[in-house]
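> Sharing a structure, written as structure tokens. Questions coming.
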Amino acid sequence: MKILPVLSSLLALNIDKGRTTIMASRMVRSKDNAGVGVDVGGRLYLGMDFGTSGARYALIDQQGTLRAEGKRDYPSYTSKDTEDWLCSWKTTLHLLLEDVPITLRPLVASISIDGTSATTIIVDSESGEPLCRPFMYNESCTDALPAVKAIAPANHTVCSGSSTLCKLVSWWNSDNSKKESALLLHQADWLLWLLHGKLGVSDYNNALKVGYDPELESYPSWLLAQPYSRILPSVQAPGTSIGPIKEDIRTQLGFPEDCVVCTGTTDSIAAFLAARAIQPGQAVTSLGSTLAIKLLSTNRIENALFGVYSHRLDDKWLVGGASNTGGAVLRQIFTDEQLVKLSEHINPAEASPLDYYPLPAVGERFPVADPKMKPRLHPRPENDVEYLHGIFESIARIEAKAYGLLKDLGATKVEEVFTAGGGAKNGKWTKIRERVLGLPVSRATQTEAAYGAALLALKGAQSDVQ
């Protein structure tokens, strides 16, 4: 069972209905309200998203209808004056499970989790106990970069200080005596292990940045020749059933005996799945603090110079890149209230003559690879409406250039863009982007990664039945 046919069938159901059915009354944390107003028939599928600052859950039915959702901030724990992220994540996992309405838990057929890409945890292969603190997603281990570049093909995805492989090599080369019993897991792998109890299982989205080749469905020979290759996890497709939920969790919280736990994915892939882009040429632009794009392509594209790499999605490829432009620049200049009020006076049909390259600081990575590029936000007109219009239009041009670069690198040409992130709420900006891109641009119906993880749980449950 593949994930794209699952998304396609859900879209067909929603077209038949004439709209996407989303419950108006969504569940919140309070257990006192658990199950109120929920009309449930059939099984449910639970997805959890562990992001950079907090976690969410989404519970859907077989038609993709959202039945309950909730979120938690990570509690702060410290150990030896450092943040104890493992304790925080474990606590949050159990809090989210408890937040699922008690009346709905017996209906949960499957669970999946997404986590931040390249967050790396090295544990004991027998007990699962951590052998060191986790390496965070944005942590760079430049000390290992020369060794990694010496073995990996030029411009490979792992040739970045923040890659999982660099973190593994950095740990391996440090002074430790625990190599014989070590096992590498990603954040999602570790959280899922807490639920199913089988150590050493990952998915090919998370494993990409440790060097796994999703096209060959194996680790490459240059990686397997290294002594640390023995601590790499086995790899399955995202949304593959691993096994039943652990009995102690099941009995404590009231999940059914046949509830299965499935392999997960990264947070960005889960967010793409939530948008339900299923055809080559469909793309998702995330307008958050930065501008990130992901395009469904028939061709695989890898280019470390621009930070472009491809995740496998069934028999297709999710090609992505991220610019440093985006909402962070706008927040440096305008308040949220100003953005709303000024936007009201923008005519999106008129092109702005202002030519900027909005960056929050020096340096750009995509679609221009220039670590020394300076922000260009002048001249500033006296009229703030004109200024905001110029910034919106300039970011839209960067987005257009980014999709053009992917095409030049060999990706499928973009045909339609769905938008996620805070920028998706601004209708005037959407119209500007539609004009600049020359493409239909719309807000994604679902934008939460937890929803995408729930779709993987649905896929896993359907595969388990077949």
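Going through the structure tokens in order, the chains are called A, B, and so on, while each chain numbers its residues from 1 and the ligands are numbered from 1 in the order shown.
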DSSP on the backbone: what in region 189-291 of chain A comes out strand (DSSP E or B), as a PyMOL selection string?
chain A and resi 201-203+213+218+234-236+241-244+260-262+265-266+282-287+291
> Could you save the residues just selected, with N, CA, C and O atoms, as a compact mmCIF listing (two decimals), in the first residue's frame?

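Heads up, here's the output in result_9.txt:
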```
# COMPACT_ATOMS: atom_id res chain seq x y z
N VAL A 201 14.26 0.47 14.18
CA VAL A 201 13.44 0.60 12.97
C VAL A 201 13.28 2.07 12.63
O VAL A 201 12.94 2.89 13.48
N SER A 202 13.53 2.41 11.36
CA SER A 202 13.39 3.79 10.89
C SER A 202 12.60 3.79 9.59
O SER A 202 12.09 2.75 9.15
N ASP A 203 12.50 4.96 8.97
CA ASP A 203 11.82 5.11 7.68
C ASP A 203 12.76 5.81 6.71
O ASP A 203 13.72 6.47 7.11
N ASP A 213 19.90 5.37 0.66
CA ASP A 213 19.50 5.65 -0.73
C ASP A 213 18.09 5.10 -0.95
O ASP A 213 17.91 3.88 -1.11
N SER A 218 18.46 0.85 0.01
CA SER A 218 19.53 0.28 0.83
C SER A 218 20.53 1.38 1.19
O SER A 218 20.52 2.46 0.58
N SER A 234 17.45 -0.41 10.68
CA SER A 234 16.80 -0.94 9.48
C SER A 234 15.80 0.10 8.99
O SER A 234 15.32 0.94 9.77
N VAL A 235 15.47 0.06 7.70
CA VAL A 235 14.66 1.12 7.10
C VAL A 235 13.45 0.53 6.39
O VAL A 235 13.57 -0.44 5.63
N GLN A 236 12.30 1.12 6.65
CA GLN A 236 11.04 0.75 6.00
C GLN A 236 10.44 1.97 5.33
O GLN A 236 10.86 3.10 5.57
N SER A 241 3.44 -0.77 9.02
CA SER A 241 3.11 -1.31 10.35
C SER A 241 4.32 -2.01 10.95
O SER A 241 4.93 -2.88 10.32
N ILE A 242 4.69 -1.62 12.17
CA ILE A 242 5.82 -2.23 12.87
C ILE A 242 5.34 -3.31 13.82
O ILE A 242 5.91 -4.40 13.90
N GLY A 243 4.30 -3.04 14.55
CA GLY A 243 3.77 -4.00 15.50
C GLY A 243 2.74 -3.36 16.40
O GLY A 243 2.47 -2.14 16.30
N PRO A 244 2.13 -4.14 17.30
CA PRO A 244 1.09 -3.60 18.17
C PRO A 244 1.65 -2.64 19.22
O PRO A 244 2.83 -2.70 19.57
N VAL A 260 -2.05 -0.75 15.95
CA VAL A 260 -0.67 -0.95 15.49
C VAL A 260 0.07 0.38 15.43
O VAL A 260 -0.54 1.45 15.25
N VAL A 261 1.38 0.30 15.58
CA VAL A 261 2.25 1.47 15.48
C VAL A 261 3.00 1.38 14.15
O VAL A 261 3.53 0.32 13.80
N CYS A 262 3.04 2.49 13.42
CA CYS A 262 3.61 2.51 12.07
C CYS A 262 4.82 3.43 11.99
O CYS A 262 4.94 4.39 12.75
N THR A 265 7.85 9.74 9.64
CA THR A 265 8.48 10.53 8.61
C THR A 265 9.04 11.79 9.26
O THR A 265 9.04 11.92 10.49
N THR A 266 9.52 12.73 8.44
CA THR A 266 9.99 14.01 8.97
C THR A 266 8.82 14.99 9.04
O THR A 266 7.79 14.79 8.39
N GLN A 282 2.48 19.39 -8.74
CA GLN A 282 1.85 20.07 -7.62
C GLN A 282 2.91 20.33 -6.55
O GLN A 282 3.80 19.50 -6.32
N ALA A 283 2.82 21.49 -5.91
CA ALA A 283 3.85 21.89 -4.97
C ALA A 283 3.22 22.54 -3.74
O ALA A 283 2.07 23.00 -3.78
N VAL A 284 4.00 22.59 -2.68
CA VAL A 284 3.58 23.28 -1.46
C VAL A 284 4.66 24.29 -1.10
O VAL A 284 5.83 23.94 -0.95
N THR A 285 4.25 25.54 -0.99
CA THR A 285 5.13 26.60 -0.49
C THR A 285 4.76 26.87 0.95
O THR A 285 3.59 27.15 1.25
N SER A 286 5.72 26.78 1.83
CA SER A 286 5.49 27.09 3.24
C SER A 286 6.03 28.48 3.52
O SER A 286 7.24 28.72 3.44
N LEU A 287 5.12 29.40 3.84
CA LEU A 287 5.50 30.78 4.13
C LEU A 287 5.47 31.00 5.64
O LEU A 287 4.51 31.53 6.20
N LEU A 291 11.02 30.80 3.59
CA LEU A 291 10.22 30.35 2.45
C LEU A 291 10.76 28.98 2.03
O LEU A 291 11.90 28.88 1.54
```
> So that I can see what lies close to region 122-130 of chain A, please list as number ranges by chain the residues with an atom at most 8 Å from it, counting only C-alpha atoms and leaving out residues fewer than 6 positions away in the same chain.
A: 181-185, 199-200
> For the selection you just gave me, I'd like the residues written to a file as a compact mmCIF listing (two decimals), in the first residue's frame, keeping N, CA, C and O atoms.

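Output file again.txt follows:
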```txt
# COMPACT_ATOMS: atom_id res chain seq x y z
N SER A 181 27.80 -1.47 21.60
CA SER A 181 26.38 -1.67 21.93
C SER A 181 25.50 -0.52 21.45
O SER A 181 24.37 -0.38 21.89
N ALA A 182 26.01 0.31 20.54
CA ALA A 182 25.29 1.52 20.13
C ALA A 182 24.30 1.24 19.00
O ALA A 182 24.43 0.29 18.23
N LEU A 183 23.29 2.10 18.91
CA LEU A 183 22.28 2.06 17.85
C LEU A 183 21.82 3.49 17.58
O LEU A 183 21.54 4.25 18.52
N LEU A 184 21.75 3.86 16.31
CA LEU A 184 21.31 5.21 15.93
C LEU A 184 19.81 5.22 15.65
O LEU A 184 19.30 4.37 14.91
N LEU A 185 19.13 6.18 16.23
CA LEU A 185 17.71 6.41 15.96
C LEU A 185 17.49 7.88 15.66
O LEU A 185 18.25 8.74 16.10
N LEU A 199 13.38 -2.05 18.96
CA LEU A 199 14.48 -1.13 18.68
C LEU A 199 15.06 -1.31 17.28
O LEU A 199 15.12 -2.43 16.77
N GLY A 200 15.45 -0.19 16.67
CA GLY A 200 16.22 -0.27 15.44
C GLY A 200 15.43 -0.18 14.16
O GLY A 200 15.88 -0.65 13.11
```
> So that I can see what lies close to region 452-461 of chain A, please list as a PyMOL selection string the residues with an atom at most 8 Å from it, counting only C-alpha atoms and leaving out residues fewer than 3 positions away in the same chain.
chain A and resi 1-3+6-7+45-49+58-60+62+64+109-114+238-241+260-262+264-265+269-275+448-449+464-465
> Write a file of the selected residues as a PDB file, in the first residue's frame, keeping C-alpha atoms.

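Dumped everything to selection-v6.pdb:
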```
ATOM      1  CA  MET A   1       0.000   0.000   0.000  1.00  0.00           C
ATOM      2  CA  LYS A   2       1.352   3.417  -1.054  1.00  0.00           C
ATOM      3  CA  ILE A   3       0.550   6.800   0.470  1.00  0.00           C
ATOM      4  CA  VAL A   6      -4.582   6.902   0.006  1.00  0.00           C
ATOM      5  CA  LEU A   7      -4.509  10.672  -0.517  1.00  0.00           C
ATOM      6  CA  TYR A  45      -6.095   6.948  12.983  1.00  0.00           C
ATOM      7  CA  LEU A  46      -3.760   8.932  15.217  1.00  0.00           C
ATOM      8  CA  GLY A  47      -0.885  11.108  14.011  1.00  0.00           C
ATOM      9  CA  MET A  48       1.517  13.086  16.181  1.00  0.00           C
ATOM     10  CA  ASP A  49       3.903  15.831  15.115  1.00  0.00           C
ATOM     11  CA  ALA A  58      -4.572  14.798  14.967  1.00  0.00           C
ATOM     12  CA  LEU A  59      -7.168  12.036  14.960  1.00  0.00           C
ATOM     13  CA  ILE A  60      -8.906  11.265  11.664  1.00  0.00           C
ATOM     14  CA  GLN A  62     -11.156   6.688   7.158  1.00  0.00           C
ATOM     15  CA  GLY A  64      -9.885  11.947   6.380  1.00  0.00           C
ATOM     16  CA  ALA A 109      -6.531   1.450  14.765  1.00  0.00           C
ATOM     17  CA  SER A 110      -3.031   2.816  14.198  1.00  0.00           C
ATOM     18  CA  ILE A 111      -0.526   5.473  15.241  1.00  0.00           C
ATOM     19  CA  SER A 112       2.312   7.256  13.445  1.00  0.00           C
ATOM     20  CA  ILE A 113       4.688  10.089  14.422  1.00  0.00           C
ATOM     21  CA  ASP A 114       6.764  12.639  12.550  1.00  0.00           C
ATOM     22  CA  PRO A 238       6.886   5.583   5.926  1.00  0.00           C
ATOM     23  CA  GLY A 239       3.552   4.327   7.215  1.00  0.00           C
ATOM     24  CA  THR A 240       4.622   0.670   7.485  1.00  0.00           C
ATOM     25  CA  SER A 241       3.105  -1.315  10.347  1.00  0.00           C
ATOM     26  CA  VAL A 260      -0.671  -0.952  15.495  1.00  0.00           C
ATOM     27  CA  VAL A 261       2.249   1.469  15.484  1.00  0.00           C
ATOM     28  CA  CYS A 262       3.609   2.506  12.067  1.00  0.00           C
ATOM     29  CA  GLY A 264       6.870   7.784  10.646  1.00  0.00           C
ATOM     30  CA  THR A 265       8.484  10.531   8.607  1.00  0.00           C
ATOM     31  CA  ILE A 269       7.155  15.576   4.671  1.00  0.00           C
ATOM     32  CA  ALA A 270       4.162  15.176   6.991  1.00  0.00           C
ATOM     33  CA  ALA A 271       3.166  18.782   6.325  1.00  0.00           C
ATOM     34  CA  PHE A 272       3.353  18.133   2.573  1.00  0.00           C
ATOM     35  CA  LEU A 273       1.161  15.049   2.929  1.00  0.00           C
ATOM     36  CA  ALA A 274      -1.366  17.096   4.879  1.00  0.00           C
ATOM     37  CA  ALA A 275      -1.765  19.442   1.900  1.00  0.00           C
ATOM     38  CA  GLU A 448      -0.646  20.671  10.265  1.00  0.00           C
ATOM     39  CA  ALA A 449       2.048  18.000  10.068  1.00  0.00           C
ATOM     40  CA  ASP A 464      -1.930  -4.308   7.727  1.00  0.00           C
ATOM     41  CA  VAL A 465      -5.408  -5.478   6.752  1.00  0.00           C
TER      42      VAL A 465
END
```
> Taking the backbone alone, and naming residues the way the document does, which bits of region 132-302 of chain A are alpha helix (DSSP H) by DSSP, as an MDAnalysis selection string?
chainID A and resid 145:151 164:172 187:196 221:224 247:253 267:275
> Those selected residues, please, written with C-alpha atoms and delivered as a PDB file, in the first residue's frame.

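Once everything was written out, this is result-v4.pdb:
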```
ATOM      1  CA  LEU A 145      32.545  17.238   7.727  1.00  0.00           C
ATOM      2  CA  PRO A 146      36.008  16.472   6.262  1.00  0.00           C
ATOM      3  CA  ALA A 147      35.642  12.776   7.112  1.00  0.00           C
ATOM      4  CA  VAL A 148      32.154  12.629   5.606  1.00  0.00           C
ATOM      5  CA  LYS A 149      33.188  14.450   2.431  1.00  0.00           C
ATOM      6  CA  ALA A 150      36.077  12.011   2.062  1.00  0.00           C
ATOM      7  CA  ILE A 151      33.715   9.022   1.718  1.00  0.00           C
ATOM      8  CA  THR A 164      22.662  12.956  10.584  1.00  0.00           C
ATOM      9  CA  LEU A 165      25.808  11.292   9.245  1.00  0.00           C
ATOM     10  CA  CYS A 166      28.012  14.167  10.427  1.00  0.00           C
ATOM     11  CA  LYS A 167      26.453  13.851  13.870  1.00  0.00           C
ATOM     12  CA  LEU A 168      27.084  10.097  13.888  1.00  0.00           C
ATOM     13  CA  VAL A 169      30.708  10.495  12.791  1.00  0.00           C
ATOM     14  CA  SER A 170      31.291  13.245  15.352  1.00  0.00           C
ATOM     15  CA  TRP A 171      30.013  10.977  18.121  1.00  0.00           C
ATOM     16  CA  TRP A 172      31.945   7.971  16.801  1.00  0.00           C
ATOM     17  CA  GLN A 187      13.595  11.488  16.882  1.00  0.00           C
ATOM     18  CA  ALA A 188      10.499   9.895  15.315  1.00  0.00           C
ATOM     19  CA  ASP A 189      12.080   6.404  15.522  1.00  0.00           C
ATOM     20  CA  TRP A 190      12.781   6.834  19.236  1.00  0.00           C
ATOM     21  CA  LEU A 191       9.298   8.114  20.046  1.00  0.00           C
ATOM     22  CA  LEU A 192       7.691   5.277  18.085  1.00  0.00           C
ATOM     23  CA  TRP A 193       9.955   2.780  19.893  1.00  0.00           C
ATOM     24  CA  LEU A 194       8.461   3.988  23.173  1.00  0.00           C
ATOM     25  CA  LEU A 195       5.107   2.828  21.786  1.00  0.00           C
ATOM     26  CA  HIS A 196       5.974  -0.475  20.062  1.00  0.00           C
ATOM     27  CA  SER A 221      28.366   0.608  -0.318  1.00  0.00           C
ATOM     28  CA  TRP A 222      30.542   3.602   0.618  1.00  0.00           C
ATOM     29  CA  LEU A 223      28.576   3.901   3.866  1.00  0.00           C
ATOM     30  CA  LEU A 224      28.384   0.180   4.640  1.00  0.00           C
ATOM     31  CA  GLU A 247       0.514  -3.691  26.417  1.00  0.00           C
ATOM     32  CA  ASP A 248       1.252  -1.444  29.388  1.00  0.00           C
ATOM     33  CA  ILE A 249       0.403   1.698  27.391  1.00  0.00           C
ATOM     34  CA  ARG A 250      -2.628   0.044  25.838  1.00  0.00           C
ATOM     35  CA  THR A 251      -4.130  -1.074  29.139  1.00  0.00           C
ATOM     36  CA  GLN A 252      -3.290   2.148  30.967  1.00  0.00           C
ATOM     37  CA  LEU A 253      -4.846   4.450  28.374  1.00  0.00           C
ATOM     38  CA  ASP A 267       7.907  17.024   9.968  1.00  0.00           C
ATOM     39  CA  SER A 268       8.255  18.699   6.562  1.00  0.00           C
ATOM     40  CA  ILE A 269       7.155  15.576   4.671  1.00  0.00           C
ATOM     41  CA  ALA A 270       4.162  15.176   6.991  1.00  0.00           C
ATOM     42  CA  ALA A 271       3.166  18.782   6.325  1.00  0.00           C
ATOM     43  CA  PHE A 272       3.353  18.133   2.573  1.00  0.00           C
ATOM     44  CA  LEU A 273       1.161  15.049   2.929  1.00  0.00           C
ATOM     45  CA  ALA A 274      -1.366  17.096   4.879  1.00  0.00           C
ATOM     46  CA  ALA A 275      -1.765  19.442   1.900  1.00  0.00           C
TER      47      ALA A 275
END
```
> With distances taken over only C-alpha atoms, which residue among A:Ala55, A:Cys141, A:Val385, A:Val414 lies nearest Ser343 (chain A)?
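Selected residue with least distance to Ser343 (chain A): A:Val385.
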> Applying 12 Å and only C-alpha atoms, which residues near region 387-392 of chain A remain after dropping the ones on its own chain fewer than 5 positions away? List them as JSON, numbers by chain.
{"A": [287, 325, 326, 327, 329, 330, 331, 333, 334, 335, 338, 339, 340, 341, 342, 343, 344, 345, 346, 347, 348, 349, 350, 351, 352, 353, 354, 355, 356, 357, 358, 359, 375, 376, 377, 378, 379, 380, 381, 382, 397, 398, 399, 423, 426, 427, 428, 429, 430, 431, 432, 433, 434, 435, 436]}
